[in-house]
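Student: Data file run.cif (mmCIF, C-alpha atoms and all ligand atoms) is appended below.
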```
data_data
#
loop_
_atom_site.group_PDB
_atom_site.id
_atom_site.type_symbol
_atom_site.label_atom_id
_atom_site.label_comp_id
_atom_site.auth_asym_id
_atom_site.auth_seq_id
_atom_site.Cartn_x
_atom_site.Cartn_y
_atom_site.Cartn_z
ATOM 1 C CA MET T 1481 106.267 64.775 167.308
ATOM 2 C CA PRO T 1482 105.999 68.355 165.964
ATOM 3 C CA THR T 1483 102.659 69.474 164.560
ATOM 4 C CA LYS T 1484 102.401 69.162 160.771
ATOM 5 C CA LEU T 1485 98.878 70.472 160.227
ATOM 6 C CA GLU T 1486 96.770 72.573 162.535
ATOM 7 C CA ALA T 1487 93.192 73.689 161.960
ATOM 8 C CA ARG T 1488 91.806 76.254 164.368
ATOM 9 C CA ARG T 1489 88.097 76.925 164.202
ATOM 10 C CA VAL T 1490 88.120 76.584 160.416
ATOM 11 C CA GLY T 1491 84.934 77.691 158.663
ATOM 12 C CA ILE T 1492 84.352 77.223 154.924
ATOM 13 C CA HIS T 1493 81.409 78.604 152.949
ATOM 14 C CA TYR T 1494 80.126 78.148 149.414
ATOM 15 C CA ARG T 1495 78.308 80.875 147.557
ATOM 16 C CA ARG T 1496 75.351 79.421 145.740
ATOM 17 C CA GLN T 1497 75.276 80.316 142.042
ATOM 18 C CA ARG T 1498 71.539 80.839 141.702
ATOM 19 C CA SER T 1499 70.470 82.550 144.912
ATOM 20 C CA GLY T 1500 73.820 84.092 145.856
ATOM 21 C CA GLU T 1501 73.326 83.054 149.475
ATOM 22 C CA SER T 1502 76.129 81.174 151.148
ATOM 23 C CA LEU T 1503 76.089 77.681 152.444
ATOM 24 C CA ILE T 1504 78.116 76.795 155.510
ATOM 25 C CA ALA T 1505 79.921 73.593 154.581
ATOM 26 C CA VAL T 1506 82.438 73.453 157.430
ATOM 27 C CA ASP T 1507 81.932 75.234 160.720
ATOM 28 C CA GLY T 1508 84.702 75.484 163.282
ATOM 29 C CA VAL T 1509 86.928 72.480 162.666
ATOM 30 C CA ASP T 1510 89.680 72.118 165.237
ATOM 31 C CA LEU T 1511 92.302 69.492 164.693
ATOM 32 C CA ARG T 1512 96.006 68.872 164.920
ATOM 33 C CA ILE T 1513 97.992 66.295 163.028
ATOM 34 C CA ALA T 1514 101.479 65.369 164.164
ATOM 35 C CA SER T 1515 104.330 64.858 161.761
ATOM 36 C CA GLY T 1516 104.317 61.283 160.494
ATOM 37 C CA GLU T 1517 100.811 60.605 161.730
ATOM 38 C CA PHE T 1518 98.114 58.865 159.676
ATOM 39 C CA VAL T 1519 94.724 60.446 160.348
ATOM 40 C CA ALA T 1520 91.410 59.443 158.794
ATOM 41 C CA ILE T 1521 88.309 61.612 158.637
ATOM 42 C CA VAL T 1522 84.924 59.925 158.411
ATOM 43 C CA GLY T 1523 81.449 61.395 158.539
ATOM 44 C CA PRO T 1524 78.056 61.388 156.859
ATOM 45 C CA SER T 1525 77.889 62.150 153.165
ATOM 46 C CA GLY T 1526 77.883 65.896 152.513
ATOM 47 C CA CYS T 1527 79.394 66.772 155.899
ATOM 48 C CA GLY T 1528 82.261 68.727 154.377
ATOM 49 C CA LYS T 1529 85.106 66.188 154.247
ATOM 50 C CA THR T 1530 86.095 66.960 150.646
ATOM 51 C CA THR T 1531 85.604 70.657 151.294
ATOM 52 C CA PHE T 1532 87.965 70.555 154.253
ATOM 53 C CA LEU T 1533 90.572 68.554 152.337
ATOM 54 C CA ASN T 1534 90.407 70.973 149.411
ATOM 55 C CA ALA T 1535 91.049 73.845 151.802
ATOM 56 C CA VAL T 1536 94.085 72.020 153.190
ATOM 57 C CA ASP T 1537 95.282 71.532 149.618
ATOM 58 C CA GLY T 1538 94.859 75.284 149.106
ATOM 59 C CA LEU T 1539 92.181 74.939 146.423
ATOM 60 C CA LEU T 1540 89.473 76.625 148.505
ATOM 61 C CA PRO T 1541 89.764 79.692 150.727
ATOM 62 C CA ILE T 1542 88.614 79.453 154.332
ATOM 63 C CA ALA T 1543 86.044 81.948 155.608
ATOM 64 C CA SER T 1544 87.182 81.965 159.227
ATOM 65 C CA GLY T 1545 89.747 80.492 161.572
ATOM 66 C CA SER T 1546 93.208 79.426 160.519
ATOM 67 C CA LEU T 1547 94.818 76.547 158.751
ATOM 68 C CA LEU T 1548 98.536 76.066 159.320
ATOM 69 C CA LEU T 1549 101.014 73.741 157.677
ATOM 70 C CA ASP T 1550 104.308 73.632 159.560
ATOM 71 C CA GLY T 1551 103.147 76.777 161.322
ATOM 72 C CA ARG T 1552 102.549 78.712 158.099
ATOM 73 C CA GLU T 1553 99.121 79.800 156.878
ATOM 74 C CA ILE T 1554 97.855 77.839 153.873
ATOM 75 C CA THR T 1555 96.836 80.248 151.114
ATOM 76 C CA ALA T 1556 97.390 78.337 147.865
ATOM 77 C CA PRO T 1557 98.343 74.894 146.586
ATOM 78 C CA GLY T 1558 102.012 74.068 146.975
ATOM 79 C CA PRO T 1559 104.588 71.355 146.369
ATOM 80 C CA ASP T 1560 104.480 70.511 150.080
ATOM 81 C CA ARG T 1561 101.067 68.832 149.562
ATOM 82 C CA ALA T 1562 99.847 66.175 147.151
ATOM 83 C CA MET T 1563 96.319 64.948 146.627
ATOM 84 C CA VAL T 1564 95.105 61.495 145.641
ATOM 85 C CA PHE T 1565 91.554 61.646 144.294
ATOM 86 C CA GLN T 1566 88.993 58.883 143.875
ATOM 87 C CA GLN T 1567 89.380 59.024 140.088
ATOM 88 C CA PRO T 1568 93.015 58.433 139.136
ATOM 89 C CA SER T 1569 92.611 60.746 136.083
ATOM 90 C CA LEU T 1570 95.911 59.657 134.563
ATOM 91 C CA LEU T 1571 96.995 61.306 131.339
ATOM 92 C CA PRO T 1572 96.092 58.720 128.670
ATOM 93 C CA TRP T 1573 98.893 59.793 126.317
ATOM 94 C CA ARG T 1574 101.589 59.281 128.926
ATOM 95 C CA THR T 1575 103.030 55.997 130.141
ATOM 96 C CA VAL T 1576 103.106 55.006 133.803
ATOM 97 C CA THR T 1577 106.544 56.617 134.129
ATOM 98 C CA GLY T 1578 105.350 59.702 132.238
ATOM 99 C CA ASN T 1579 102.387 60.091 134.559
ATOM 100 C CA ILE T 1580 104.493 59.667 137.678
ATOM 101 C CA LEU T 1581 106.935 62.341 136.497
ATOM 102 C CA TYR T 1582 104.286 64.785 135.329
ATOM 103 C CA GLY T 1583 104.052 66.627 138.661
ATOM 104 C CA LEU T 1584 107.830 67.000 138.871
ATOM 105 C CA GLU T 1585 107.890 68.376 135.322
ATOM 106 C CA MET T 1586 105.147 70.856 136.174
ATOM 107 C CA GLN T 1587 107.183 72.021 139.140
ATOM 108 C CA ARG T 1588 110.258 72.180 136.875
ATOM 109 C CA ARG T 1589 111.996 69.735 139.166
ATOM 110 C CA ALA T 1590 112.456 66.927 136.643
ATOM 111 C CA GLY T 1591 116.131 66.187 136.130
ATOM 112 C CA THR T 1592 118.571 63.491 135.202
ATOM 113 C CA GLU T 1593 117.667 61.459 138.293
ATOM 114 C CA SER T 1594 113.929 61.573 137.512
ATOM 115 C CA ARG T 1595 113.866 58.249 135.723
ATOM 116 C CA SER T 1596 115.399 56.485 138.690
ATOM 117 C CA THR T 1597 112.897 58.239 140.983
ATOM 118 C CA ALA T 1598 110.071 56.939 138.781
ATOM 119 C CA LYS T 1599 111.561 53.461 138.743
ATOM 120 C CA ARG T 1600 111.819 53.407 142.525
ATOM 121 C CA LEU T 1601 108.197 54.568 142.869
ATOM 122 C CA VAL T 1602 106.908 52.038 140.334
ATOM 123 C CA GLU T 1603 108.484 49.326 142.480
ATOM 124 C CA LEU T 1604 107.269 50.878 145.719
ATOM 125 C CA VAL T 1605 103.640 50.720 144.586
ATOM 126 C CA GLY T 1606 104.047 47.189 143.275
ATOM 127 C CA LEU T 1607 104.027 47.860 139.531
ATOM 128 C CA ARG T 1608 107.445 46.549 138.580
ATOM 129 C CA GLY T 1609 107.564 45.876 134.842
ATOM 130 C CA PHE T 1610 104.726 48.272 134.027
ATOM 131 C CA ASP T 1611 106.919 51.399 133.675
ATOM 132 C CA ASP T 1612 106.124 51.787 129.987
ATOM 133 C CA SER T 1613 102.478 50.664 130.059
ATOM 134 C CA TRP T 1614 99.662 53.009 129.062
ATOM 135 C CA PRO T 1615 96.912 53.842 131.573
ATOM 136 C CA SER T 1616 94.346 52.087 129.353
ATOM 137 C CA GLU T 1617 96.280 48.847 129.816
ATOM 138 C CA LEU T 1618 95.907 48.965 133.614
ATOM 139 C CA SER T 1619 93.105 47.793 135.923
ATOM 140 C CA GLY T 1620 91.411 50.280 138.264
ATOM 141 C CA GLY T 1621 93.547 49.129 141.178
ATOM 142 C CA MET T 1622 96.745 49.475 139.147
ATOM 143 C CA GLN T 1623 95.737 52.956 138.014
ATOM 144 C CA GLN T 1624 95.217 53.909 141.625
ATOM 145 C CA ARG T 1625 98.723 52.611 142.388
ATOM 146 C CA VAL T 1626 100.077 54.948 139.690
ATOM 147 C CA ASN T 1627 98.020 57.746 141.198
ATOM 148 C CA LEU T 1628 99.650 57.123 144.576
ATOM 149 C CA ALA T 1629 103.127 56.973 143.021
ATOM 150 C CA ARG T 1630 102.423 60.245 141.230
ATOM 151 C CA ALA T 1631 101.497 61.910 144.525
ATOM 152 C CA LEU T 1632 104.663 60.605 146.181
ATOM 153 C CA ALA T 1633 106.900 61.691 143.284
ATOM 154 C CA THR T 1634 107.067 65.302 144.417
ATOM 155 C CA ASP T 1635 108.031 64.122 147.924
ATOM 156 C CA PRO T 1636 105.279 66.132 149.663
ATOM 157 C CA GLU T 1637 105.185 66.899 153.380
ATOM 158 C CA LEU T 1638 101.525 65.995 153.552
ATOM 159 C CA LEU T 1639 99.631 63.376 151.585
ATOM 160 C CA LEU T 1640 95.928 64.104 151.108
ATOM 161 C CA LEU T 1641 93.676 61.254 150.040
ATOM 162 C CA ASP T 1642 89.995 61.753 149.218
ATOM 163 C CA GLU T 1643 88.230 58.376 149.144
ATOM 164 C CA PRO T 1644 90.952 56.988 146.870
ATOM 165 C CA PHE T 1645 89.573 53.435 146.902
ATOM 166 C CA ALA T 1646 85.843 54.201 146.737
ATOM 167 C CA ALA T 1647 85.507 53.211 143.083
ATOM 168 C CA LEU T 1648 87.272 49.859 143.468
ATOM 169 C CA ASP T 1649 85.603 46.490 144.000
ATOM 170 C CA ALA T 1650 85.702 45.096 147.544
ATOM 171 C CA GLN T 1651 88.658 42.741 147.076
ATOM 172 C CA THR T 1652 90.817 45.236 145.204
ATOM 173 C CA ARG T 1653 89.933 47.793 147.802
ATOM 174 C CA GLU T 1654 91.251 45.650 150.651
ATOM 175 C CA THR T 1655 94.394 44.851 148.685
ATOM 176 C CA MET T 1656 94.945 48.574 148.170
ATOM 177 C CA GLN T 1657 94.411 49.292 151.863
ATOM 178 C CA GLN T 1658 97.131 46.791 152.671
ATOM 179 C CA GLU T 1659 99.368 48.224 149.940
ATOM 180 C CA LEU T 1660 98.852 51.775 151.154
ATOM 181 C CA LEU T 1661 99.918 50.758 154.668
ATOM 182 C CA ARG T 1662 103.000 49.060 153.281
ATOM 183 C CA VAL T 1663 103.917 52.175 151.275
ATOM 184 C CA TRP T 1664 103.134 54.445 154.202
ATOM 185 C CA ASN T 1665 105.288 52.313 156.474
ATOM 186 C CA GLU T 1666 108.217 52.846 154.119
ATOM 187 C CA THR T 1667 107.712 56.569 153.610
ATOM 188 C CA ARG T 1668 106.067 57.605 156.906
ATOM 189 C CA LYS T 1669 104.492 60.619 155.199
ATOM 190 C CA THR T 1670 101.971 62.537 157.243
ATOM 191 C CA ALA T 1671 98.655 61.419 155.771
ATOM 192 C CA LEU T 1672 95.127 62.796 155.904
ATOM 193 C CA PHE T 1673 92.763 60.201 154.503
ATOM 194 C CA ILE T 1674 89.069 60.697 153.861
ATOM 195 C CA THR T 1675 86.650 57.827 153.589
ATOM 196 C CA HIS T 1676 83.083 56.889 154.377
ATOM 197 C CA ASP T 1677 84.211 53.304 155.038
ATOM 198 C CA ILE T 1678 84.615 52.956 158.786
ATOM 199 C CA ALA T 1679 86.593 49.692 158.663
ATOM 200 C CA GLU T 1680 88.977 51.277 156.164
ATOM 201 C CA ALA T 1681 89.543 54.237 158.500
ATOM 202 C CA VAL T 1682 90.174 52.036 161.553
ATOM 203 C CA TYR T 1683 92.458 49.693 159.635
ATOM 204 C CA LEU T 1684 94.638 52.478 158.228
ATOM 205 C CA ALA T 1685 94.779 55.259 160.761
ATOM 206 C CA ASP T 1686 96.520 56.152 163.998
ATOM 207 C CA ARG T 1687 93.526 58.330 164.755
ATOM 208 C CA VAL T 1688 90.018 58.542 163.310
ATOM 209 C CA ILE T 1689 88.202 61.865 163.364
ATOM 210 C CA VAL T 1690 84.427 61.805 163.005
ATOM 211 C CA PHE T 1691 82.770 64.901 161.537
ATOM 212 C CA THR T 1692 79.261 65.996 162.408
ATOM 213 C CA ALA T 1693 76.635 66.240 159.675
ATOM 214 C CA ARG T 1694 76.852 69.519 157.719
ATOM 215 C CA PRO T 1695 78.099 71.948 158.730
ATOM 216 C CA GLY T 1696 81.112 69.746 159.486
ATOM 217 C CA ARG T 1697 82.798 69.993 162.843
ATOM 218 C CA VAL T 1698 84.827 67.475 164.839
ATOM 219 C CA LYS T 1699 82.404 65.307 166.793
ATOM 220 C CA LEU T 1700 84.674 62.530 167.998
ATOM 221 C CA GLU T 1701 88.336 61.583 167.877
ATOM 222 C CA VAL T 1702 89.338 57.981 168.383
ATOM 223 C CA ALA T 1703 92.975 56.969 168.836
ATOM 224 C CA ILE T 1704 93.400 53.559 167.222
ATOM 225 C CA GLY T 1705 95.605 51.509 169.488
ATOM 226 C CA LEU T 1706 96.009 48.554 167.138
ATOM 227 C CA PRO T 1707 99.646 47.494 166.720
ATOM 228 C CA ARG T 1708 101.506 47.918 163.428
ATOM 229 C CA PRO T 1709 102.227 46.385 161.018
ATOM 230 C CA ARG T 1710 98.547 45.593 160.532
ATOM 231 C CA ASP T 1711 97.165 42.600 158.759
ATOM 232 C CA LEU T 1712 93.737 42.463 157.096
ATOM 233 C CA ARG T 1713 92.777 39.613 159.459
ATOM 234 C CA MET T 1714 92.716 42.218 162.220
ATOM 235 C CA LYS T 1715 89.396 43.428 160.850
ATOM 236 C CA ARG T 1716 87.785 40.362 162.414
ATOM 237 C CA GLU T 1717 89.225 40.883 165.903
ATOM 238 C CA ALA T 1718 87.151 42.082 168.845
ATOM 239 C CA GLY T 1719 89.193 45.253 169.453
ATOM 240 C CA PHE T 1720 88.812 46.288 165.829
ATOM 241 C CA VAL T 1721 85.085 45.631 165.771
ATOM 242 C CA GLU T 1722 84.689 47.670 168.947
ATOM 243 C CA TYR T 1723 86.333 50.727 167.321
ATOM 244 C CA GLU T 1724 84.078 50.245 164.317
ATOM 245 C CA ARG T 1725 80.976 50.079 166.495
ATOM 246 C CA THR T 1726 81.810 53.266 168.427
ATOM 247 C CA ILE T 1727 82.402 55.195 165.215
ATOM 248 C CA TRP T 1728 79.349 53.721 163.472
ATOM 249 C CA GLU T 1729 77.099 54.753 166.353
ATOM 250 C CA THR T 1730 78.463 58.299 166.313
ATOM 251 C CA ILE T 1731 77.900 58.649 162.572
ATOM 252 C CA ARG T 1732 74.452 57.072 162.812
ATOM 253 C CA GLU T 1733 73.516 59.657 165.452
ATOM 254 C CA GLU T 1734 74.610 62.432 163.084
ATOM 255 C CA VAL T 1735 72.705 61.009 160.125
ATOM 256 C CA LEU T 1736 69.519 60.842 162.188
ATOM 257 C CA ARG T 1737 70.079 64.331 163.563
ATOM 258 C CA SER T 1738 70.630 65.835 160.103
ATOM 259 C CA GLU T 1739 67.586 64.103 158.650
ATOM 260 C CA ALA T 1740 65.547 65.831 161.323
ATOM 261 C CA SER T 1741 66.819 69.375 160.638
ATOM 262 C CA PRO T 1742 66.873 71.715 157.612
ATOM 263 C CA PRO T 1743 70.214 72.781 156.017
ATOM 264 C CA ALA T 1744 72.074 75.628 157.712
ATOM 265 C CA ALA T 1745 72.575 78.671 155.504
ATOM 266 C CA VAL T 1746 73.600 82.261 156.016
ATOM 267 C CA ALA T 1747 72.486 85.218 153.939
HETATM 268 N N1 LIG S 1801 81.131 73.724 144.700
HETATM 269 C C1 LIG S 1801 80.142 73.728 145.587
HETATM 270 N N2 LIG S 1801 79.205 74.703 145.603
HETATM 271 C C2 LIG S 1801 78.221 74.724 146.501
HETATM 272 N N3 LIG S 1801 78.056 73.806 147.473
HETATM 273 C C3 LIG S 1801 78.951 72.798 147.531
HETATM 274 C C4 LIG S 1801 80.033 72.703 146.599
HETATM 275 N N4 LIG S 1801 80.766 71.585 146.889
HETATM 276 C C5 LIG S 1801 80.148 71.025 147.959
HETATM 277 N N5 LIG S 1801 79.076 71.748 148.328
HETATM 278 C C6 LIG S 1801 78.199 71.446 149.476
HETATM 279 O O1 LIG S 1801 78.960 71.476 150.660
HETATM 280 C C7 LIG S 1801 78.618 70.388 151.523
HETATM 281 C C8 LIG S 1801 79.832 69.545 151.797
HETATM 282 O O2 LIG S 1801 80.228 68.891 150.601
HETATM 283 P P1 LIG S 1801 81.480 67.900 150.547
HETATM 284 O O3 LIG S 1801 82.645 68.571 151.170
HETATM 285 O O4 LIG S 1801 81.625 67.447 149.151
HETATM 286 O O5 LIG S 1801 80.989 66.685 151.480
HETATM 287 P P2 LIG S 1801 81.600 65.235 151.714
HETATM 288 O O6 LIG S 1801 82.904 65.156 150.996
HETATM 289 O O7 LIG S 1801 81.714 65.105 153.195
HETATM 290 O O8 LIG S 1801 80.586 64.262 151.191
HETATM 291 C C9 LIG S 1801 77.502 69.634 150.813
HETATM 292 O O9 LIG S 1801 76.283 70.062 151.348
HETATM 293 C C10 LIG S 1801 77.642 70.037 149.378
HETATM 294 O O10 LIG S 1801 76.383 70.029 148.725
HETATM 295 MG MG MG S 1802 83.594 63.901 149.490
#
```
Would you give me this structure, written as structure tokens?
Tutor:
Amino acid sequence: MPTKLEARRVGIHYRRQRSGESLIAVDGVDLRIASGEFVAIVGPSGCGKTTFLNAVDGLLPIASGSLLLDGREITAPGPDRAMVFQQPSLLPWRTVTGNILYGLEMQRRAGTESRSTAKRLVELVGLRGFDDSWPSELSGGMQQRVNLARALATDPELLLLDEPFAALDAQTRETMQQELLRVWNETRKTALFITHDIAEAVYLADRVIVFTARPGRVKLEVAIGLPRPRDLRMKREAGFVEYERTIWETIREEVLRSEASPPAAVA
């Protein structure tokens, strides 16, 4: 498969407001994601996962290295990428359909076929019959389904998901994991999914990338050889648990290492 996203020694810094010194959030990330692949990034809290994803989305500039989407340098947000955040942040004055079409309208791509696009997406994410509902009438899980449909509406090349299920209760979360796989199976969008939930990463991804503690770098890559389609029962199987254990131990090592050392900063 051709490469969809390539990061070469990507470094990302933040300038601190008060002191003016910069903080190295991401330091030399190398990774390659093939077209159609589902990759999850896990790592200790504060290791730069969100920072890296924001750079891929074009919201943050990189300080060093290069970040290429379909071989072209990422410099700004674009219609070829769509982000799904933890908070669905739907527009309360728009219906489900209105929210799903919002991105298309912003990109001036809404047309006569938009309503059928929205209808198809509402069904895809399992919300048939809720087209005209208001966000306030939906549960957290349903709102996150709308959020996913909204991201898919612009037909992006790359789907970016930043802990999209972190705010959901455990049962809804597992349902949404299963739903996301079903949707992904139908669309086969290249997906970069961030989570701190190891089981979630193993269940969803073709490959799990473990970041080091800040500054984030790739510490481990694990190809997940579990067959698809995947069922939630798989989470109890020995092979699954073994992947989980390997990744857990790597993250644990990083947490202990970072607790023992002061934050890295440059003047
Ligand atoms: N806007 C910001 N300004 C300064 N520092 C930031 C900013 N956002 C994040 N950071 C710092 O960068 C590091 C990585 O943050 P983040 O990417 O949010 O981590 P993660 O998503 O892995 O939990 C953290 O140490 C965090 O405090
Ligand atoms: Mg984060």
Student: Can you give me, as a PyMOL selection string, the residues this file yields under the PyMOL selection byres (((chain T and resi 1531) around 12) and not hetatm)?
Tutor: chain T and resi 1490-1494+1503-1507+1509+1521+1525-1530+1532-1542+1642+1674+1694-1697
Student: Which segment 1621-1646 of chain T residues have any atom within 8 Å of an atom of segment 1658-1672 of chain T, and for each, what is the nearest pair of atoms with distance in Å to one decimal, counting all atoms listed in the file, rows sorted by chain and number, as a tab-separated table?
Tutor:
```
residue	atom	partner	partner_atom	distance
T:Pro1636	CA	T:Lys1669	CA	7.9
T:Glu1637	CA	T:Lys1669	CA	6.6
T:Leu1638	CA	T:Thr1670	CA	5.1
T:Leu1639	CA	T:Ala1671	CA	4.7
T:Leu1640	CA	T:Leu1672	CA	5.0
T:Leu1641	CA	T:Leu1672	CA	6.2
```
Student: Which one of T:Leu1712, T:Ile1580, T:Ala1629, T:Met1586 sits closest to Gly1558 of chain T if you count only C-alpha atoms?
Tutor: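 Going through T:Leu1712, T:Ile1580, T:Ala1629, T:Met1586 one by one, the smallest distance to Gly1558 of chain T is for T:Met1586.
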Student: Would you tabulate, counting all atoms listed in the file, all residues of segment 1569-1683 of chain T that have an atom at most 12 Å from an atom of segment 1731-1739 of chain T, showing the closest pair of atoms and their distance in Å to one decimal, sorted by chain then ascending number, as a tab-separated table?
Tutor:
```
residue	atom	partner	partner_atom	distance
T:His1676	CA	T:Ile1731	CA	9.9
T:Asp1677	CA	T:Ile1731	CA	11.2
T:Ile1678	CA	T:Ile1731	CA	9.6
```
Student: Suppose you want the space between atom CA of Gln1567 of chain T and atom CA of Ala1631 of chain T; what is it in Å?
Tutor: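 For atom CA of Gln1567 of chain T relative to atom CA of Ala1631 of chain T, the distance reads 13.2 Å.
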Student: Excluding Thr1597 of chain T and residues on its chain fewer than 4 positions from it, collect all residues at most 10 Å away from it, counting only C-alpha atoms, and give them as number ranges by chain.
Tutor: T: 1577, 1580-1581, 1590-1593, 1601-1602, 1633-1634
Student: I'd like to know which of T:Glu1643, T:Glu1517, T:Glu1501, T:Glu1553 is closest to ligand MG 1802 (chain S), using only C-alpha atoms and all ligand atoms.
Tutor: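 Using only C-alpha atoms and all ligand atoms, the shortest distance to ligand MG 1802 (chain S) belongs to T:Glu1643.
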Student: Identify which of the residues T:Leu1511, T:Leu1607, T:Val1522, T:Val1688 lies closest to ligand MG 1802 (chain S), counting only C-alpha atoms and all ligand atoms when measuring atom-to-atom distances.
Tutor: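 Of T:Leu1511, T:Leu1607, T:Val1522, T:Val1688, the one nearest ligand MG 1802 (chain S), counting only C-alpha atoms and all ligand atoms, is T:Val1522.
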Student: Once the PyMOL selection byres (((chain T and resi 1619) around 12) and not hetatm) has been applied to the shown file, what residues remain in the selection, as a PyMOL selection string?
Tutor: chain T and resi 1568+1607+1610+1613-1618+1620-1626+1647-1649+1652
Student: Could you check how far atom CA of Val1605 of chain T sits from atom CA of Ala1520 of chain T, in Å to one decimal?
Tutor: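 These atoms are spaced 20.7 Å apart.
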Student: So that all listed atoms of ligand LIG 1801 (chain S) fit with 5 Å spare on each side, what axis-aligned box centre and edge lengths in Å, to one decimal, would you give as AutoDock Vina command-line options?
Tutor:
```
--center_x 79.6 --center_y 69.5 --center_z 148.9 --size_x 16.6 --size_y 20.5 --size_z 18.5
```
Student: Could you check which of T:Val1519, T:Val1698, T:Leu1548, T:Ala1685 is closest to Ala1487 of chain T, using all atoms listed in the file?
Tutor: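 Among the listed residues, T:Leu1548 lies closest to Ala1487 of chain T.
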Student: Could you state the separation of atom CA of Ala1646 of chain T and atom CA of Glu1680 of chain T in Å, given to one decimal place?
Tutor: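 Between atom CA of Ala1646 of chain T and atom CA of Glu1680 of chain T the gap works out to 10.4 Å.
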Student: Give the answer as one residue: which of T:Ile1704, T:Leu1571, T:Leu1632, T:Ala1681 has the shortest atom-to-atom distance to Leu1604 of chain T, using only C-alpha atoms?
Tutor: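 Closest to Leu1604 of chain T, using only C-alpha atoms: T:Leu1632.
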